[in-house]
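Asker: This is work-v1.tsv, which holds TSV, C-alpha atoms:
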```
chain	number	residue	atom	x	y	z
A	1	MET	CA	0.00	0.00	0.00
A	2	PRO	CA	1.69	3.18	-1.14
A	3	ASP	CA	-1.01	5.32	0.49
A	4	PHE	CA	0.92	5.81	3.73
A	5	ALA	CA	4.06	7.88	4.07
A	6	GLU	CA	7.05	5.51	4.30
A	7	PRO	CA	7.87	5.92	8.04
A	8	LEU	CA	4.21	5.39	8.92
A	9	GLN	CA	3.98	2.28	6.74
A	10	ARG	CA	7.17	0.96	8.33
A	11	LEU	CA	5.80	1.47	11.85
A	12	ILE	CA	2.57	-0.32	10.84
A	13	ASN	CA	4.66	-3.24	9.53
A	14	GLU	CA	6.69	-3.42	12.73
A	15	PHE	CA	3.56	-3.40	14.91
A	16	LYS	CA	2.16	-6.21	12.73
A	17	HIS	CA	5.12	-8.39	13.70
A	18	LEU	CA	3.91	-8.37	17.32
A	19	PRO	CA	1.68	-11.26	18.42
A	20	GLY	CA	-2.06	-10.64	18.15
A	21	ILE	CA	-1.65	-7.41	16.18
A	22	GLY	CA	-3.26	-7.48	12.72
A	23	GLN	CA	-3.38	-4.87	9.96
A	24	LYS	CA	-6.21	-2.84	11.50
A	25	SER	CA	-4.74	-2.82	15.02
A	26	ALA	CA	-1.31	-1.95	13.65
A	27	GLN	CA	-2.79	1.01	11.77
A	28	ARG	CA	-4.63	2.19	14.86
A	29	LEU	CA	-1.47	1.95	16.97
A	30	ALA	CA	0.64	3.74	14.36
A	31	PHE	CA	-1.86	6.58	14.00
A	32	HIS	CA	-1.98	6.81	17.78
A	33	VAL	CA	1.81	7.21	17.89
A	34	LEU	CA	1.51	9.84	15.18
A	35	ARG	CA	-0.90	11.85	17.31
A	36	THR	CA	0.90	11.60	20.66
A	37	ALA	CA	3.81	13.69	21.89
A	38	ARG	CA	7.31	12.73	20.76
A	39	ALA	CA	8.23	12.05	24.41
A	40	ASP	CA	5.65	9.24	24.57
A	41	ALA	CA	7.02	7.50	21.48
A	42	GLU	CA	10.52	8.03	22.85
A	43	ARG	CA	9.71	6.31	26.15
A	44	LEU	CA	8.31	3.27	24.32
A	45	ALA	CA	11.33	3.12	22.01
A	46	GLN	CA	13.73	3.43	24.96
A	47	ALA	CA	11.85	0.74	26.90
A	48	LEU	CA	12.26	-1.57	23.90
A	49	TYR	CA	16.01	-0.98	23.82
A	50	ASP	CA	16.34	-1.40	27.59
A	51	VAL	CA	14.50	-4.72	27.65
A	52	LYS	CA	16.96	-6.07	25.09
A	53	ASP	CA	20.05	-4.45	26.62
A	54	LYS	CA	19.53	-4.52	30.38
A	55	LEU	CA	17.88	-7.86	30.98
A	56	GLY	CA	19.46	-11.27	31.25
A	57	LEU	CA	18.70	-14.54	33.00
A	58	CYS	CA	19.05	-15.21	36.72
A	59	LYS	CA	22.12	-17.39	37.23
A	60	VAL	CA	20.23	-19.65	39.63
A	61	CYS	CA	16.68	-20.03	38.32
A	62	ASN	CA	16.86	-18.61	34.74
A	63	ASN	CA	14.09	-16.11	35.41
A	64	ILE	CA	14.34	-12.76	33.60
A	65	SER	CA	16.54	-10.47	35.67
A	66	GLU	CA	18.43	-7.21	35.64
A	67	SER	CA	21.17	-8.59	37.83
A	68	ASP	CA	22.88	-11.96	38.42
A	69	LEU	CA	20.12	-13.00	40.80
A	70	CYS	CA	16.42	-12.41	40.15
A	71	VAL	CA	14.05	-10.78	42.65
A	72	PHE	CA	13.03	-14.17	44.05
A	73	CYS	CA	16.46	-15.75	44.33
A	74	ARG	CA	17.90	-12.73	46.17
A	75	ASP	CA	14.96	-12.49	48.59
A	76	PRO	CA	15.89	-14.21	51.89
A	77	GLN	CA	12.20	-14.20	52.87
A	78	ARG	CA	11.37	-16.79	50.21
A	79	ASP	CA	11.15	-20.41	51.30
A	80	GLN	CA	14.43	-21.96	50.09
A	81	THR	CA	13.18	-25.53	50.52
A	82	THR	CA	10.54	-25.45	47.78
A	83	ILE	CA	11.14	-24.93	44.07
A	84	CYS	CA	8.33	-24.47	41.56
A	85	VAL	CA	9.41	-25.55	38.06
A	86	VAL	CA	7.79	-23.65	35.15
A	87	GLU	CA	8.24	-23.65	31.39
A	88	GLU	CA	8.50	-19.92	30.72
A	89	PRO	CA	9.36	-16.78	32.77
A	90	ASN	CA	5.84	-15.37	32.30
A	91	ASN	CA	4.36	-18.47	34.03
A	92	ILE	CA	5.85	-17.12	37.27
A	93	LEU	CA	3.46	-14.16	37.20
A	94	GLY	CA	0.40	-16.41	37.19
A	95	ILE	CA	1.67	-18.26	40.24
A	96	GLU	CA	2.69	-15.06	42.05
A	97	THR	CA	-0.75	-13.50	41.61
A	98	THR	CA	-2.23	-16.30	43.75
A	99	ARG	CA	-0.06	-15.13	46.70
A	100	GLN	CA	-0.15	-18.75	47.85
A	101	PHE	CA	3.42	-19.69	46.98
A	102	SER	CA	6.45	-18.32	48.78
A	103	GLY	CA	9.17	-20.64	47.51
A	104	LEU	CA	11.66	-20.24	44.69
A	105	TYR	CA	11.31	-20.89	40.97
A	106	HIS	CA	13.14	-22.67	38.22
A	107	VAL	CA	12.47	-21.73	34.59
A	108	LEU	CA	13.11	-24.46	32.01
A	109	HIS	CA	12.67	-22.16	28.99
A	110	GLY	CA	10.60	-24.69	27.10
A	111	SER	CA	9.25	-28.21	27.34
A	112	LEU	CA	10.35	-31.55	25.92
A	113	SER	CA	9.06	-31.95	22.38
A	114	PRO	CA	10.40	-34.61	20.01
A	115	LEU	CA	8.36	-32.99	17.21
A	116	ARG	CA	10.16	-29.67	17.61
A	117	ALA	CA	13.44	-31.48	18.35
A	118	VAL	CA	13.59	-30.17	21.91
A	119	GLY	CA	15.39	-32.68	24.13
A	120	PRO	CA	16.52	-32.39	27.77
A	121	GLU	CA	19.80	-30.77	26.72
A	122	GLN	CA	17.87	-27.82	25.15
A	123	LEU	CA	16.16	-27.09	28.48
A	124	LYS	CA	17.65	-25.54	31.64
A	125	ILE	CA	17.65	-28.85	33.50
A	126	LYS	CA	21.32	-29.13	34.47
A	127	GLY	CA	21.06	-26.22	36.90
A	128	LEU	CA	17.96	-27.73	38.47
A	129	VAL	CA	19.79	-30.99	39.16
A	130	GLU	CA	22.58	-28.97	40.80
A	131	ARG	CA	20.08	-27.02	42.96
A	132	VAL	CA	18.40	-30.23	44.13
A	133	GLY	CA	21.86	-31.74	44.72
A	134	THR	CA	22.72	-29.17	47.42
A	135	GLY	CA	20.28	-30.94	49.75
A	136	VAL	CA	18.43	-27.74	50.78
A	137	VAL	CA	15.44	-28.42	48.54
A	138	GLU	CA	12.70	-30.56	50.05
A	139	GLU	CA	9.91	-30.28	47.51
A	140	LEU	CA	9.86	-29.75	43.77
A	141	ILE	CA	6.48	-28.61	42.39
A	142	LEU	CA	6.25	-29.37	38.68
A	143	ALA	CA	4.10	-26.59	37.20
A	144	THR	CA	4.75	-27.28	33.54
A	145	ASN	CA	1.66	-26.90	31.34
A	146	PRO	CA	-1.02	-29.63	31.26
A	147	THR	CA	-0.16	-30.38	27.62
A	148	VAL	CA	1.48	-33.42	26.03
A	149	GLU	CA	4.87	-31.64	26.13
A	150	GLY	CA	4.41	-30.31	29.66
A	151	GLU	CA	3.34	-33.74	30.92
A	152	ALA	CA	6.28	-35.44	29.22
A	153	THR	CA	8.62	-32.88	30.80
A	154	ALA	CA	7.09	-33.46	34.24
A	155	VAL	CA	7.44	-37.23	33.91
A	156	TYR	CA	11.05	-36.86	32.74
A	157	LEU	CA	11.97	-34.53	35.62
A	158	SER	CA	10.22	-36.73	38.16
A	159	ARG	CA	12.23	-39.79	37.10
A	160	LEU	CA	15.43	-37.79	37.01
A	161	LEU	CA	15.11	-36.03	40.38
A	162	LYS	CA	13.19	-38.37	42.70
A	163	PRO	CA	16.28	-40.60	43.06
A	164	LEU	CA	18.07	-37.56	44.59
A	165	GLY	CA	15.73	-37.87	47.58
A	166	VAL	CA	13.46	-34.87	46.91
A	167	LYS	CA	9.65	-34.89	47.09
A	168	VAL	CA	8.29	-34.28	43.58
A	169	THR	CA	4.71	-33.03	43.14
A	170	ARG	CA	2.61	-32.08	40.11
A	171	ILE	CA	0.03	-29.24	40.02
A	172	ALA	CA	-3.60	-30.43	39.90
A	173	MET	CA	-5.55	-30.61	36.66
A	174	GLY	CA	-9.34	-30.35	36.75
A	175	ILE	CA	-12.40	-28.23	36.03
A	176	PRO	CA	-11.52	-24.51	36.14
A	177	VAL	CA	-13.08	-22.61	39.04
A	178	GLY	CA	-16.26	-20.78	37.98
A	179	SER	CA	-16.64	-23.00	34.93
A	180	ASP	CA	-19.21	-25.74	34.27
A	181	ILE	CA	-18.55	-29.47	33.90
A	182	GLU	CA	-20.78	-29.29	30.84
A	183	PHE	CA	-18.13	-27.34	28.98
A	184	ALA	CA	-15.09	-29.32	30.12
A	185	ASP	CA	-13.46	-31.77	27.69
A	186	GLU	CA	-13.28	-35.47	28.57
A	187	VAL	CA	-9.59	-35.47	29.45
A	188	THR	CA	-10.08	-32.60	31.91
A	189	ILE	CA	-13.07	-34.36	33.51
A	190	TRP	CA	-11.05	-37.57	33.75
A	191	LYS	CA	-8.17	-35.66	35.40
A	192	SER	CA	-10.59	-33.99	37.82
A	193	LEU	CA	-12.05	-37.38	38.80
A	194	GLU	CA	-8.60	-38.89	39.15
A	195	GLY	CA	-7.49	-36.02	41.37
A	196	ARG	CA	-10.59	-36.07	43.61
A	197	ARG	CA	-10.12	-35.38	47.30
A	198	GLU	CA	-12.14	-36.36	50.34
A	199	MET	CA	-14.19	-33.53	51.81
B	1	MET	CA	3.91	-5.26	40.83
B	2	PRO	CA	7.52	-5.68	41.77
B	3	ASP	CA	7.62	-9.18	40.24
B	4	PHE	CA	8.99	-8.03	36.90
B	5	ALA	CA	12.49	-6.72	36.36
B	6	GLU	CA	12.30	-2.91	36.02
B	7	PRO	CA	12.95	-2.59	32.26
B	8	LEU	CA	10.34	-5.26	31.54
B	9	GLN	CA	7.78	-3.59	33.80
B	10	ARG	CA	8.51	-0.28	32.09
B	11	LEU	CA	7.94	-1.78	28.63
B	12	ILE	CA	4.66	-3.32	29.82
B	13	ASN	CA	3.57	0.11	31.11
B	14	GLU	CA	4.48	1.77	27.82
B	15	PHE	CA	2.56	-0.82	25.81
B	16	LYS	CA	-0.43	-0.27	28.10
B	17	HIS	CA	-0.53	3.38	27.05
B	18	LEU	CA	-1.36	2.30	23.51
B	19	PRO	CA	-5.06	2.14	22.58
B	20	GLY	CA	-6.73	-1.26	22.99
B	21	ILE	CA	-3.77	-2.76	24.87
B	22	GLY	CA	-4.61	-3.92	28.39
B	23	GLN	CA	-2.45	-5.49	31.11
B	24	LYS	CA	-2.52	-9.01	29.65
B	25	SER	CA	-1.81	-7.91	26.07
B	26	ALA	CA	0.96	-5.60	27.27
B	27	GLN	CA	2.58	-8.49	29.13
B	28	ARG	CA	2.33	-10.75	26.11
B	29	LEU	CA	3.87	-8.09	23.87
B	30	ALA	CA	6.68	-7.35	26.33
B	31	PHE	CA	7.55	-11.04	26.74
B	32	HIS	CA	7.49	-11.35	22.97
B	33	VAL	CA	10.01	-8.52	22.67
B	34	LEU	CA	12.09	-10.24	25.33
B	35	ARG	CA	12.23	-13.42	23.27
B	36	THR	CA	12.90	-11.91	19.84
B	37	ALA	CA	16.23	-10.79	18.43
B	38	ARG	CA	17.53	-7.35	19.41
B	39	ALA	CA	17.37	-6.31	15.73
B	40	ASP	CA	13.58	-6.77	15.76
B	41	ALA	CA	13.12	-4.56	18.82
B	42	GLU	CA	15.51	-2.06	17.28
B	43	ARG	CA	13.49	-1.81	14.06
B	44	LEU	CA	10.30	-1.11	16.03
B	45	ALA	CA	12.06	1.49	18.20
B	46	GLN	CA	13.57	3.17	15.13
B	47	ALA	CA	10.21	3.19	13.35
B	48	LEU	CA	8.71	4.93	16.39
B	49	TYR	CA	11.39	7.63	16.28
B	50	ASP	CA	11.06	8.06	12.49
B	51	VAL	CA	7.29	8.50	12.62
B	52	LYS	CA	7.76	11.34	15.08
B	53	ASP	CA	10.80	12.88	13.38
B	54	LYS	CA	10.26	12.43	9.64
B	55	LEU	CA	6.56	13.04	9.24
B	56	GLY	CA	4.71	16.31	9.05
B	57	LEU	CA	1.51	17.59	7.47
B	58	CYS	CA	0.98	18.24	3.77
B	59	LYS	CA	0.96	22.00	3.20
B	60	VAL	CA	-2.08	21.78	0.96
B	61	CYS	CA	-4.40	19.13	2.45
B	62	ASN	CA	-2.94	18.48	5.98
B	63	ASN	CA	-2.56	14.75	5.31
B	64	ILE	CA	0.41	13.03	6.98
B	65	SER	CA	3.41	13.44	4.71
B	66	GLU	CA	7.18	13.04	4.55
B	67	SER	CA	7.52	16.07	2.28
B	68	ASP	CA	5.75	19.41	1.76
B	69	LEU	CA	3.16	17.76	-0.46
B	70	CYS	CA	1.51	14.41	0.34
B	71	VAL	CA	1.32	11.52	-2.13
B	72	PHE	CA	-2.10	12.64	-3.32
B	73	CYS	CA	-1.39	16.35	-3.71
B	74	ARG	CA	1.79	15.74	-5.72
B	75	ASP	CA	0.14	13.18	-8.03
B	76	PRO	CA	-0.91	14.92	-11.29
B	77	GLN	CA	-3.12	11.91	-12.14
B	78	ARG	CA	-5.54	12.76	-9.33
B	79	ASP	CA	-8.66	14.71	-10.27
B	80	GLN	CA	-7.94	18.27	-9.15
B	81	THR	CA	-11.58	19.34	-9.38
B	82	THR	CA	-12.90	17.19	-6.53
B	83	ILE	CA	-11.92	17.43	-2.86
B	84	CYS	CA	-13.04	14.93	-0.25
B	85	VAL	CA	-13.08	16.47	3.24
B	86	VAL	CA	-12.33	14.07	6.13
B	87	GLU	CA	-11.85	14.48	9.87
B	88	GLU	CA	-8.63	12.51	10.37
B	89	PRO	CA	-5.72	11.35	8.19
B	90	ASN	CA	-6.62	7.67	8.74
B	91	ASN	CA	-10.06	8.27	7.19
B	92	ILE	CA	-8.28	8.64	3.85
B	93	LEU	CA	-7.29	4.97	3.91
B	94	GLY	CA	-10.90	3.80	4.12
B	95	ILE	CA	-11.82	5.89	1.10
B	96	GLU	CA	-8.73	4.84	-0.88
B	97	THR	CA	-9.45	1.14	-0.35
B	98	THR	CA	-12.71	1.55	-2.30
B	99	ARG	CA	-10.66	2.58	-5.39
B	100	GLN	CA	-13.70	4.62	-6.41
B	101	PHE	CA	-12.32	8.06	-5.64
B	102	SER	CA	-9.55	9.70	-7.65
B	103	GLY	CA	-9.78	13.27	-6.40
B	104	LEU	CA	-7.85	15.10	-3.70
B	105	TYR	CA	-8.38	15.25	0.05
B	106	HIS	CA	-8.61	17.81	2.81
B	107	VAL	CA	-8.02	16.75	6.42
B	108	LEU	CA	-9.71	18.90	9.07
B	109	HIS	CA	-7.92	17.22	12.03
B	110	GLY	CA	-11.08	17.04	14.11
B	111	SER	CA	-14.72	18.02	14.06
B	112	LEU	CA	-16.72	20.85	15.57
B	113	SER	CA	-17.59	20.08	19.18
B	114	PRO	CA	-18.82	22.74	21.60
B	115	LEU	CA	-18.54	20.17	24.41
B	116	ARG	CA	-14.81	19.70	23.83
B	117	ALA	CA	-14.39	23.41	23.01
B	118	VAL	CA	-13.47	22.73	19.38
B	119	GLY	CA	-14.59	25.62	17.20
B	120	PRO	CA	-13.92	26.34	13.50
B	121	GLU	CA	-10.63	28.05	14.33
B	122	GLN	CA	-9.27	24.80	15.85
B	123	LEU	CA	-9.85	22.94	12.57
B	124	LYS	CA	-7.91	23.20	9.30
B	125	ILE	CA	-10.69	25.11	7.57
B	126	LYS	CA	-8.83	28.24	6.43
B	127	GLY	CA	-6.75	26.27	3.92
B	128	LEU	CA	-9.88	24.63	2.55
B	129	VAL	CA	-11.49	28.01	1.91
B	130	GLU	CA	-8.32	29.07	0.06
B	131	ARG	CA	-8.33	25.90	-2.05
B	132	VAL	CA	-11.97	26.41	-3.02
B	133	GLY	CA	-11.21	30.08	-3.70
B	134	THR	CA	-8.79	29.24	-6.55
B	135	GLY	CA	-11.79	28.26	-8.70
B	136	VAL	CA	-10.32	24.88	-9.77
B	137	VAL	CA	-12.49	22.88	-7.37
B	138	GLU	CA	-15.90	21.91	-8.70
B	139	GLU	CA	-17.15	19.50	-6.03
B	140	LEU	CA	-16.55	19.21	-2.33
B	141	ILE	CA	-17.51	15.83	-0.84
B	142	LEU	CA	-18.06	16.13	2.91
B	143	ALA	CA	-16.97	12.77	4.37
B	144	THR	CA	-16.95	13.74	8.04
B	145	ASN	CA	-18.31	11.02	10.34
B	146	PRO	CA	-22.08	10.47	10.64
B	147	THR	CA	-21.99	11.63	14.26
B	148	VAL	CA	-23.40	14.76	15.89
B	149	GLU	CA	-20.00	16.46	15.59
B	150	GLY	CA	-19.38	15.25	12.04
B	151	GLU	CA	-22.84	16.41	10.96
B	152	ALA	CA	-22.41	19.80	12.59
B	153	THR	CA	-19.06	20.18	10.83
B	154	ALA	CA	-20.61	19.24	7.49
B	155	VAL	CA	-23.45	21.74	7.93
B	156	TYR	CA	-20.98	24.46	8.92
B	157	LEU	CA	-18.71	23.80	5.91
B	158	SER	CA	-21.65	23.62	3.55
B	159	ARG	CA	-22.91	27.07	4.64
B	160	LEU	CA	-19.41	28.49	4.50
B	161	LEU	CA	-18.36	27.16	1.09
B	162	LYS	CA	-21.51	26.93	-1.04
B	163	PRO	CA	-21.55	30.76	-1.47
B	164	LEU	CA	-18.13	30.40	-3.19
B	165	GLY	CA	-19.90	28.65	-6.07
B	166	VAL	CA	-18.76	25.07	-5.42
B	167	LYS	CA	-21.01	21.98	-5.42
B	168	VAL	CA	-21.13	20.58	-1.87
B	169	THR	CA	-22.19	16.95	-1.32
B	170	ARG	CA	-22.48	14.71	1.73
B	171	ILE	CA	-21.67	10.98	1.83
B	172	ALA	CA	-24.74	8.71	2.13
B	173	MET	CA	-25.86	7.26	5.45
B	174	GLY	CA	-27.84	4.01	5.51
B	175	ILE	CA	-27.89	0.30	6.26
B	176	PRO	CA	-24.36	-1.13	5.98
B	177	VAL	CA	-23.87	-3.57	3.08
B	178	GLY	CA	-24.19	-7.21	4.20
B	179	SER	CA	-26.05	-6.17	7.36
B	180	ASP	CA	-29.71	-6.67	8.23
B	181	ILE	CA	-32.33	-3.94	8.70
B	182	GLU	CA	-33.31	-5.82	11.86
B	183	PHE	CA	-30.05	-4.76	13.52
B	184	ALA	CA	-29.97	-1.15	12.34
B	185	ASP	CA	-30.88	1.63	14.76
B	186	GLU	CA	-33.83	3.91	14.03
B	187	VAL	CA	-31.74	6.91	12.96
B	188	THR	CA	-29.82	4.79	10.45
B	189	ILE	CA	-33.07	3.38	9.04
B	190	TRP	CA	-34.51	6.88	8.83
B	191	LYS	CA	-31.39	8.08	6.99
B	192	SER	CA	-31.56	5.13	4.63
B	193	LEU	CA	-35.22	5.88	3.83
B	194	GLU	CA	-34.47	9.56	3.37
B	195	GLY	CA	-31.62	8.76	1.00
B	196	ARG	CA	-33.57	6.23	-1.09
B	197	ARG	CA	-32.95	6.16	-4.82
B	198	GLU	CA	-35.11	5.00	-7.75
B	199	MET	CA	-34.07	1.65	-9.19
```
Would you give me this structure, written as structure tokens?
Answerer:
Amino acid sequence: MPDFAEPLQRLINEFKHLPGIGQKSAQRLAFHVLRTARADAERLAQALYDVKDKLGLCKVCNNISESDLCVFCRDPQRDQTTICVVEEPNNILGIETTRQFSGLYHVLHGSLSPLRAVGPEQLKIKGLVERVGTGVVEELILATNPTVEGEATAVYLSRLLKPLGVKVTRIAMGIPVGSDIEFADEVTIWKSLEGRREM
Amino acid sequence: MPDFAEPLQRLINEFKHLPGIGQKSAQRLAFHVLRTARADAERLAQALYDVKDKLGLCKVCNNISESDLCVFCRDPQRDQTTICVVEEPNNILGIETTRQFSGLYHVLHGSLSPLRAVGPEQLKIKGLVERVGTGVVEELILATNPTVEGEATAVYLSRLLKPLGVKVTRIAMGIPVGSDIEFADEVTIWKSLEGRREM
């Protein structure tokens, strides 16, 4: 489309590369940028640079961090005996919003997937074995996704780490709270029956 | 939320300032930026700067432009006798996609609104009067939005410019194509009756 001035068209194209942003949204965002003050656009641009330049991975748990240790690993208040294992850094947020977990995390940065040629050596598993090996950790909560890959990863980690003498648990799968059994798929219902607890 | 590293939190906040982007979308976008190559983030940041630094308004029609004259005003193929008046630069795109209009444009950059204290002097009307005054323009198509403000603007422009001897027309309002009369509001149905044409 040659109807837009080149810089505007380029901004639209760049917005379109972001997930969930189509042509119409990209246009709306670009025209918004056009209308706002230069300082606003500048802050967004600078934030983009900073995220790429100032962030790395925590040396202990592989969470996103500005320094060698992430906010959780450098917090002495966190329970050092429990580690929650997640696939991606953004999974931590979901768990933190519950305010029910005060332990540490370990981010695998993916899940086992033969189809996508992701084996154990592509995941951050070596560091986890080392952490469990120190003897401080008592429980490992496997919070990988309830998908084929997440399940396979949980099973693999369980077999690998149980022999080190740590308690390994898996998050519960079942009917989402506020939902209706009517709308749950058969595997979810099966998992919710399997995981039933006495009241 | 102190759970995110500062640069990441800052990028999330900046994304949230964009229209239609809430907390969840902003997080998804920021984590996407985190995962992609630095070059990708850089291109988006640079495009943001360029849109603010390289674009201005066309001296004739006030459309967004890289140079003194926008793509339409410097195109000798466009019909110089017809001007389509729109509220915002992005309205031009909608009209261009029809491929049914080959004239020039005039962007008002707003519409008359006593409530928001926007009077004629806040809009780009002076230049329009000058353009009509040259005598080249034969028809002025008022394509302001079918809202109270857009209508008021159209009525104002019609009264102002008709005395200069130019034909002033208003875009049709009616039932959208592919829609159902059942779902149209009463004002739209009234407008569609009023604008009926013999078949």
Asker: Provide as a list in words the residues of chain A at most 7 Å from chain B, counting all atoms listed in the file.
Answerer: Ala5, Pro7, Leu8, Arg10, Leu11, Glu14, Leu18, Pro19, Leu29, Leu34, Arg38, Ala41, Glu42, Leu44, Ala45, Ala47, Leu48, Tyr49, Asp50, Val51, Lys52, Ile64, Ser65 and Glu66 of chain A
Asker: Might you pull out every residue within 8 Å of stretch 111-123 of chain B, with all atoms listed in the file counted and same-chain residues fewer than 5 positions away left off, and present them as a ChimeraX atom specification?
Answerer: /B:87,144,149-150,152-153
Asker: One decimal, Å: what's the distance from atom CA of A:Lys167 over to atom CA of A:Val148, could you say?
Answerer: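 Calculated distance between atom CA of A:Lys167 and atom CA of A:Val148 is 22.6 Å.
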Asker: Atom CA of B:Ile125 and atom CA of B:Cys58, how far apart in Å?
Answerer: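 Going from atom CA of B:Cys58 over to atom CA of B:Ile125, I get 14.1 Å.
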Asker: Let me have the centre and edge lengths of the axis-aligned box enclosing all listed atoms of stretch 29-39 of chain B with 8 Å padding on every side, in Å to one decimal, as lines of an AutoDock Vina configuration file.
Answerer:
```
center_x = 10.7
center_y = -9.9
center_z = 21.2
size_x = 29.7
size_y = 23.1
size_z = 27.0
```
Asker: Between atom CA of A:Glu130 and atom CA of A:Lys162, what is the distance, to one decimal in Å?
Answerer: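 So the two atoms, atom CA of A:Glu130 and atom CA of A:Lys162, lie 13.4 Å apart.
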Asker: Could you list, as a list in words, every residue within 8 Å of stretch 175-181 of chain B, counting only C-alpha atoms and ignoring same-chain residues fewer than 4 positions away?
Answerer: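 Non-adjacent residues within range: Thr188, Ile189 and Ser192 of chain B.
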Asker: Would you pick out the contacts of A:Phe101 at 10 Å or less, using only C-alpha atoms, so that residues sharing its chain but fewer than 6 positions from it are not included, and give the list as JSON, numbers by chain?
Answerer: {"A": [78, 79, 82, 83, 84, 95]}
Asker: Write out as a PyMOL selection string the residues lying within 7 Å of A:Asn62, counting only C-alpha atoms and excluding same-chain residues fewer than 5 positions away.
Answerer: chain A and resi 57+106-107
Asker: Counting all atoms listed in the file, which residue out of B:Val129, B:Gly174, B:Gly195, B:Tyr105 sits closest to B:Arg74?
Answerer: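 Among B:Val129, B:Gly174, B:Gly195, B:Tyr105, it is B:Tyr105 that comes nearest to B:Arg74.
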Asker: Take the point (-13.6, 24.3, -1.6) as written in the file and pick out every residue within 10 Å of it, counting only C-alpha atoms; give the list as a PyMOL selection string.
Answerer: chain B and resi 81-85+106+125+127-141+157-158+160-162+164-168
